[in-house]
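Peer 1: Structure below; questions to follow.
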Amino acid sequence: MGVFFIRVALVLALSFSLQAGEAVSPVAKTKWERDFLLANLEFTLLHEFGHLLIEELKLPVLGMEEDAADRLAMIVMMTEHEKKSSADFIPWLLSVAGRWYIAWELKDSPEEKVVYWDNHNLEIQRFHNIVCLVFGGNADLLEEMSDTEFLPFERSVNCDYEYKQALHALAWLQSHYGQQPAVGLRANAVKVIYKNPREGENRAIYDLLQSSPMVGKWAQRLSDSFKFPRPIRIEFDNCYAQPNAFWHAPTASITICYEILGHFMTMLEYRRQHSTKACRIPILRKHMGEVMNCSQTAGRAGP
Ligand SMILES: [Zn+2]
């Protein structure tokens with residue numbers, strides 16, 4: 001609920017900025033903004049794929065399903081992007097971690113922050129878990145991340161093990177359930193559907209999605225790699241209420257609200273306005289300086 005009110009406040013702030021003549025848009029204008037949105041969309045999509053695979057293939061799950069879906073999403077992203085240059089893939093992966101840190105910061109009150117009964121880890125735990133996996137797979141590039149607030153030393157010593165464990169689980173999944181691509185035979189096993197977007201921000205987000213091959217690529221990859229007992233749909237839709245994404249087992253469909261991308265943009269805008277603490281950590285400034293607007297916040301006091 002607190003996120004909603006902050007979002008309204010930020011939208012109002014952006015409106016005033018527009019009135020002041022600044023070209024601020026709710027959708028990505030720069031490469032950094034676009035990458036932040038698409039990296040978080042990729043994580044969201046792959047997290048829901050995790051639920052889908054668990055349900056449709058009847059995978060055994062030891063531990064919490066939500067945590068398993070997070071780990072699957074991250075390890076798939078890491079293996080997918082590791083061939084790129086570190087200047088591209090490290091910010092891409094840290095953008096996903098950063099989203100969860102911001103989500104934690106945006107909670108209004110201790111009562112709202114600490115929902116112990118929920119089947120999701122707390123946002124701050126999801127952040128630390130993701131940072132640990134990224135560090136575990138890239139300790140040579142992120143050595144300075146250890147022993148910081150974002151990755152305490154005590155956790156960092158276990159990250160290599162956690163990364164290898166996740167990698168082993170992914171390899172097990174592929175060897176037990178994966179199959180060689182047979183494009184054509186299962187071409188329609190996973191369909192992507194874009195519902196007619198509401199005018200305004202959702203329309204702009206729809207246009208952004210059409211300009212990227214990412215969603216179609218992952219749908220095709222899923223369709224080619226696994227045999228599912230029934231057709232799967234991925235639907236982008238107008239949600240009106242909470243910006244959300246979810247797997248719905250009865251209809252074998254993943255719904256992603258257009259609004260969740262607007263929400264990512266709001267988060268990025270918040271980070272760029274409140275980045276002093278993170279910008280003080282050299283390794284974060286090195287990889288995320290442009291994303292977090294560190295050059296602008298270098299002399300600013302506060303969190
Ligand atoms: Zn989930």
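Letters A, B, ... go to the chains of the structure tokens in the order shown; residues in each chain start at 1; ligands are counted from 1 in the same order.
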Could you produce a table of the residues of chain A lying within 7 Å of ligand 1, with the nearest pair of atoms per residue and their separation in Å rounded to one decimal, using only C-alpha atoms and all ligand atoms, ordered by chain and increasing residue number, as CSV?

Peer 2:
residue,atom,partner,partner_atom_place_in_ligand_line,distance
A:His47,CA,ligand 1,1 (Zn),6.2
A:Glu48,CA,ligand 1,1 (Zn),6.1
A:His51,CA,ligand 1,1 (Zn),6.6
A:Glu66,CA,ligand 1,1 (Zn),4.8
A:Ala69,CA,ligand 1,1 (Zn),6.4
A:Phe246,CA,ligand 1,1 (Zn),6.6

Peer 1: Write the residues you've just listed into a file as a PDB file, in the first residue's frame, and include C-alpha atoms for each of them.

Peer 2:
ATOM      1  CA  HIS A  47      10.630 -16.251 -11.737  1.00  0.00           C
ATOM      2  CA  GLU A  48       7.143 -17.057 -13.047  1.00  0.00           C
ATOM      3  CA  HIS A  51       6.497 -21.601 -10.751  1.00  0.00           C
ATOM      4  CA  GLU A  66       9.234 -18.603  -3.959  1.00  0.00           C
ATOM      5  CA  ALA A  69      11.771 -19.504  -8.290  1.00  0.00           C
ATOM      6  CA  PHE A 246       1.770 -14.191 -11.265  1.00  0.00           C
TER       7      PHE A 246
END

Peer 1: Write out as a ChimeraX atom specification all residues of region 146-244 of chain A that backbone DSSP assigns to strand (DSSP E or B).

Peer 2: /A:148,151,190-194,232-237

Peer 1: Check region 208-269 of chain A with DSSP on the backbone and list each residue it calls alpha helix (DSSP H), as a ChimeraX atom specification.

Peer 2: /A:208-210,214-225,258-269

Peer 1: Using C-alpha atoms, can you export the residues from the last selection as a PDB file, in the first residue's frame?

Peer 2:
ATOM      1  CA  LEU A 208       8.656  -0.622 -25.348  1.00  0.00           C
ATOM      2  CA  LEU A 209       7.886  -4.347 -25.119  1.00  0.00           C
ATOM      3  CA  GLN A 210       7.275  -4.528 -28.870  1.00  0.00           C
ATOM      4  CA  MET A 214      13.304 -10.539 -25.049  1.00  0.00           C
ATOM      5  CA  VAL A 215       9.858 -11.890 -24.126  1.00  0.00           C
ATOM      6  CA  GLY A 216       9.410 -13.702 -27.430  1.00  0.00           C
ATOM      7  CA  LYS A 217      12.885 -15.195 -27.124  1.00  0.00           C
ATOM      8  CA  TRP A 218      12.231 -16.647 -23.658  1.00  0.00           C
ATOM      9  CA  ALA A 219       8.802 -17.950 -24.659  1.00  0.00           C
ATOM     10  CA  GLN A 220      10.339 -19.739 -27.642  1.00  0.00           C
ATOM     11  CA  ARG A 221      13.198 -21.072 -25.517  1.00  0.00           C
ATOM     12  CA  LEU A 222      10.741 -22.458 -22.963  1.00  0.00           C
ATOM     13  CA  SER A 223       8.596 -23.947 -25.699  1.00  0.00           C
ATOM     14  CA  ASP A 224      11.596 -25.600 -27.357  1.00  0.00           C
ATOM     15  CA  SER A 225      13.265 -26.878 -24.196  1.00  0.00           C
ATOM     16  CA  TYR A 258       1.882  -3.583 -17.826  1.00  0.00           C
ATOM     17  CA  GLU A 259       1.920  -1.536 -14.622  1.00  0.00           C
ATOM     18  CA  ILE A 260       4.787  -3.543 -13.131  1.00  0.00           C
ATOM     19  CA  LEU A 261       7.151  -1.954 -15.653  1.00  0.00           C
ATOM     20  CA  GLY A 262       5.888   1.478 -14.660  1.00  0.00           C
ATOM     21  CA  HIS A 263       6.567   0.451 -11.091  1.00  0.00           C
ATOM     22  CA  PHE A 264      10.158  -0.500 -11.983  1.00  0.00           C
ATOM     23  CA  MET A 265      10.583   2.946 -13.511  1.00  0.00           C
ATOM     24  CA  THR A 266       9.298   4.547 -10.318  1.00  0.00           C
ATOM     25  CA  MET A 267      11.804   2.508  -8.353  1.00  0.00           C
ATOM     26  CA  LEU A 268      14.662   3.568 -10.594  1.00  0.00           C
ATOM     27  CA  GLU A 269      13.662   7.202 -10.269  1.00  0.00           C
TER      28      GLU A 269
END

Peer 1: Quick one: everything within 9 Å of Tyr194 (chain A), counting only C-alpha atoms, minus sequence neighbours fewer than 5 positions away in the same chain. Send it as a list in words.

Peer 2: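 Returned residues: Tyr206, Ile234, Glu235, Phe236 and Asp237 of chain A.
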
Peer 1: List the spatial neighbours of Ala252 (chain A) as a list of chain:residue names - criterion: any atom at most 12 Å away, only C-alpha atoms, same-chain residues fewer than 5 positions off excluded.

Peer 2: A:Glu48, A:Phe49, A:His51, A:Leu52, A:Leu53, A:Ile54, A:Glu55, A:Glu56, A:Ala189, A:Val190, A:Lys191, A:Phe228, A:Pro229, A:Arg230, A:Pro231, A:Ile232, A:Arg233, A:Ile234, A:Glu235, A:Phe246, A:Trp247

Peer 1: With N, CA and C atoms retained, write the just-selected residues as a PDB file, in the first residue's frame.

Peer 2:
ATOM      1  N   GLU A  48       8.443 -16.406 -12.785  1.00  0.00           N
ATOM      2  CA  GLU A  48       7.143 -17.057 -13.047  1.00  0.00           C
ATOM      3  C   GLU A  48       7.346 -18.364 -13.828  1.00  0.00           C
ATOM      4  N   PHE A  49       8.349 -18.413 -14.691  1.00  0.00           N
ATOM      5  CA  PHE A  49       8.687 -19.682 -15.355  1.00  0.00           C
ATOM      6  C   PHE A  49       9.030 -20.732 -14.291  1.00  0.00           C
ATOM      7  N   HIS A  51       7.762 -21.043 -11.259  1.00  0.00           N
ATOM      8  CA  HIS A  51       6.497 -21.601 -10.751  1.00  0.00           C
ATOM      9  C   HIS A  51       5.879 -22.550 -11.784  1.00  0.00           C
ATOM     10  N   LEU A  52       5.921 -22.117 -13.031  1.00  0.00           N
ATOM     11  CA  LEU A  52       5.337 -22.910 -14.127  1.00  0.00           C
ATOM     12  C   LEU A  52       6.016 -24.281 -14.214  1.00  0.00           C
ATOM     13  N   LEU A  53       7.338 -24.286 -14.184  1.00  0.00           N
ATOM     14  CA  LEU A  53       8.074 -25.553 -14.301  1.00  0.00           C
ATOM     15  C   LEU A  53       7.786 -26.460 -13.110  1.00  0.00           C
ATOM     16  N   ILE A  54       7.758 -25.871 -11.916  1.00  0.00           N
ATOM     17  CA  ILE A  54       7.482 -26.658 -10.709  1.00  0.00           C
ATOM     18  C   ILE A  54       6.101 -27.315 -10.815  1.00  0.00           C
ATOM     19  N   GLU A  55       5.124 -26.536 -11.280  1.00  0.00           N
ATOM     20  CA  GLU A  55       3.747 -27.036 -11.361  1.00  0.00           C
ATOM     21  C   GLU A  55       3.566 -28.037 -12.509  1.00  0.00           C
ATOM     22  N   GLU A  56       4.011 -27.657 -13.676  1.00  0.00           N
ATOM     23  CA  GLU A  56       3.715 -28.466 -14.862  1.00  0.00           C
ATOM     24  C   GLU A  56       4.546 -29.736 -14.926  1.00  0.00           C
ATOM     25  N   ALA A 189       3.533 -24.213 -28.111  1.00  0.00           N
ATOM     26  CA  ALA A 189       3.361 -24.672 -26.736  1.00  0.00           C
ATOM     27  C   ALA A 189       3.295 -23.514 -25.748  1.00  0.00           C
ATOM     28  N   VAL A 190       4.023 -22.444 -26.019  1.00  0.00           N
ATOM     29  CA  VAL A 190       3.997 -21.256 -25.152  1.00  0.00           C
ATOM     30  C   VAL A 190       3.667 -20.044 -26.023  1.00  0.00           C
ATOM     31  N   LYS A 191       2.533 -19.426 -25.751  1.00  0.00           N
ATOM     32  CA  LYS A 191       2.095 -18.277 -26.543  1.00  0.00           C
ATOM     33  C   LYS A 191       2.213 -16.996 -25.735  1.00  0.00           C
ATOM     34  N   PHE A 228       5.427 -29.757 -22.217  1.00  0.00           N
ATOM     35  CA  PHE A 228       4.416 -29.496 -21.195  1.00  0.00           C
ATOM     36  C   PHE A 228       3.136 -30.272 -21.491  1.00  0.00           C
ATOM     37  N   PRO A 229       2.409 -30.635 -20.443  1.00  0.00           N
ATOM     38  CA  PRO A 229       1.191 -31.422 -20.668  1.00  0.00           C
ATOM     39  C   PRO A 229       0.045 -30.611 -21.281  1.00  0.00           C
ATOM     40  N   ARG A 230       0.157 -29.285 -21.251  1.00  0.00           N
ATOM     41  CA  ARG A 230      -0.928 -28.455 -21.816  1.00  0.00           C
ATOM     42  C   ARG A 230      -0.313 -27.146 -22.335  1.00  0.00           C
ATOM     43  N   PRO A 231      -1.021 -26.433 -23.219  1.00  0.00           N
ATOM     44  CA  PRO A 231      -0.487 -25.171 -23.746  1.00  0.00           C
ATOM     45  C   PRO A 231      -0.338 -24.141 -22.624  1.00  0.00           C
ATOM     46  N   ILE A 232       0.692 -23.302 -22.758  1.00  0.00           N
ATOM     47  CA  ILE A 232       0.986 -22.265 -21.764  1.00  0.00           C
ATOM     48  C   ILE A 232       0.760 -20.904 -22.413  1.00  0.00           C
ATOM     49  N   ARG A 233       0.187 -19.973 -21.643  1.00  0.00           N
ATOM     50  CA  ARG A 233       0.024 -18.602 -22.153  1.00  0.00           C
ATOM     51  C   ARG A 233       0.785 -17.626 -21.258  1.00  0.00           C
ATOM     52  N   ILE A 234       1.404 -16.649 -21.885  1.00  0.00           N
ATOM     53  CA  ILE A 234       1.998 -15.520 -21.161  1.00  0.00           C
ATOM     54  C   ILE A 234       1.212 -14.286 -21.596  1.00  0.00           C
ATOM     55  N   GLU A 235       0.518 -13.667 -20.668  1.00  0.00           N
ATOM     56  CA  GLU A 235      -0.354 -12.542 -21.019  1.00  0.00           C
ATOM     57  C   GLU A 235       0.135 -11.260 -20.367  1.00  0.00           C
ATOM     58  N   PHE A 246       2.073 -12.949 -11.979  1.00  0.00           N
ATOM     59  CA  PHE A 246       1.770 -14.191 -11.265  1.00  0.00           C
ATOM     60  C   PHE A 246       1.496 -15.342 -12.233  1.00  0.00           C
ATOM     61  N   TRP A 247       1.785 -16.531 -11.745  1.00  0.00           N
ATOM     62  CA  TRP A 247       1.462 -17.779 -12.443  1.00  0.00           C
ATOM     63  C   TRP A 247       0.118 -18.253 -11.926  1.00  0.00           C
TER      64      TRP A 247
END

Peer 1: Using CA of His120 (chain A) and CA of Leu62 (chain A) as the two end points, give the distance in Å to one decimal.

Peer 2: 14.8 Å

Peer 1: Write out, as a tab-separated table, each residue of region 23-85 of chain A that has an atom at most 12 Å from region 173-181 of chain A, together with the closest pair of atoms and their distance in Å to one decimal, counting only C-alpha atoms, rows going by chain and rising number.

Peer 2:
residue	atom	partner	partner_atom	distance
A:Gly50	CA	A:Leu173	CA	11.0
A:Leu53	CA	A:Leu173	CA	9.5
A:Ile54	CA	A:Leu173	CA	10.3
A:Glu56	CA	A:Tyr177	CA	11.0
A:Leu57	CA	A:Tyr177	CA	7.8
A:Lys58	CA	A:Tyr177	CA	10.5
A:Leu59	CA	A:Leu173	CA	8.7
A:Pro60	CA	A:Leu173	CA	10.6
A:Val61	CA	A:Leu173	CA	11.8
A:Leu72	CA	A:Leu173	CA	10.1
A:Val76	CA	A:Gln174	CA	11.3

Peer 1: Next, write the just-selected residues to a file, as a PDB file, in the first residue's frame, keeping C-alpha atoms as the atom set.

Peer 2:
ATOM      1  CA  GLY A  50      10.033 -21.211 -12.139  1.00  0.00           C
ATOM      2  CA  LEU A  53       8.074 -25.553 -14.301  1.00  0.00           C
ATOM      3  CA  ILE A  54       7.482 -26.658 -10.709  1.00  0.00           C
ATOM      4  CA  GLU A  56       3.715 -28.466 -14.862  1.00  0.00           C
ATOM      5  CA  LEU A  57       6.659 -30.853 -14.494  1.00  0.00           C
ATOM      6  CA  LYS A  58       5.777 -31.712 -10.884  1.00  0.00           C
ATOM      7  CA  LEU A  59       9.295 -30.901  -9.733  1.00  0.00           C
ATOM      8  CA  PRO A  60      10.132 -31.796  -6.149  1.00  0.00           C
ATOM      9  CA  VAL A  61      10.835 -28.658  -4.102  1.00  0.00           C
ATOM     10  CA  LEU A  72      16.124 -20.394 -10.858  1.00  0.00           C
ATOM     11  CA  VAL A  76      19.290 -18.707 -15.757  1.00  0.00           C
TER      12      VAL A  76
END
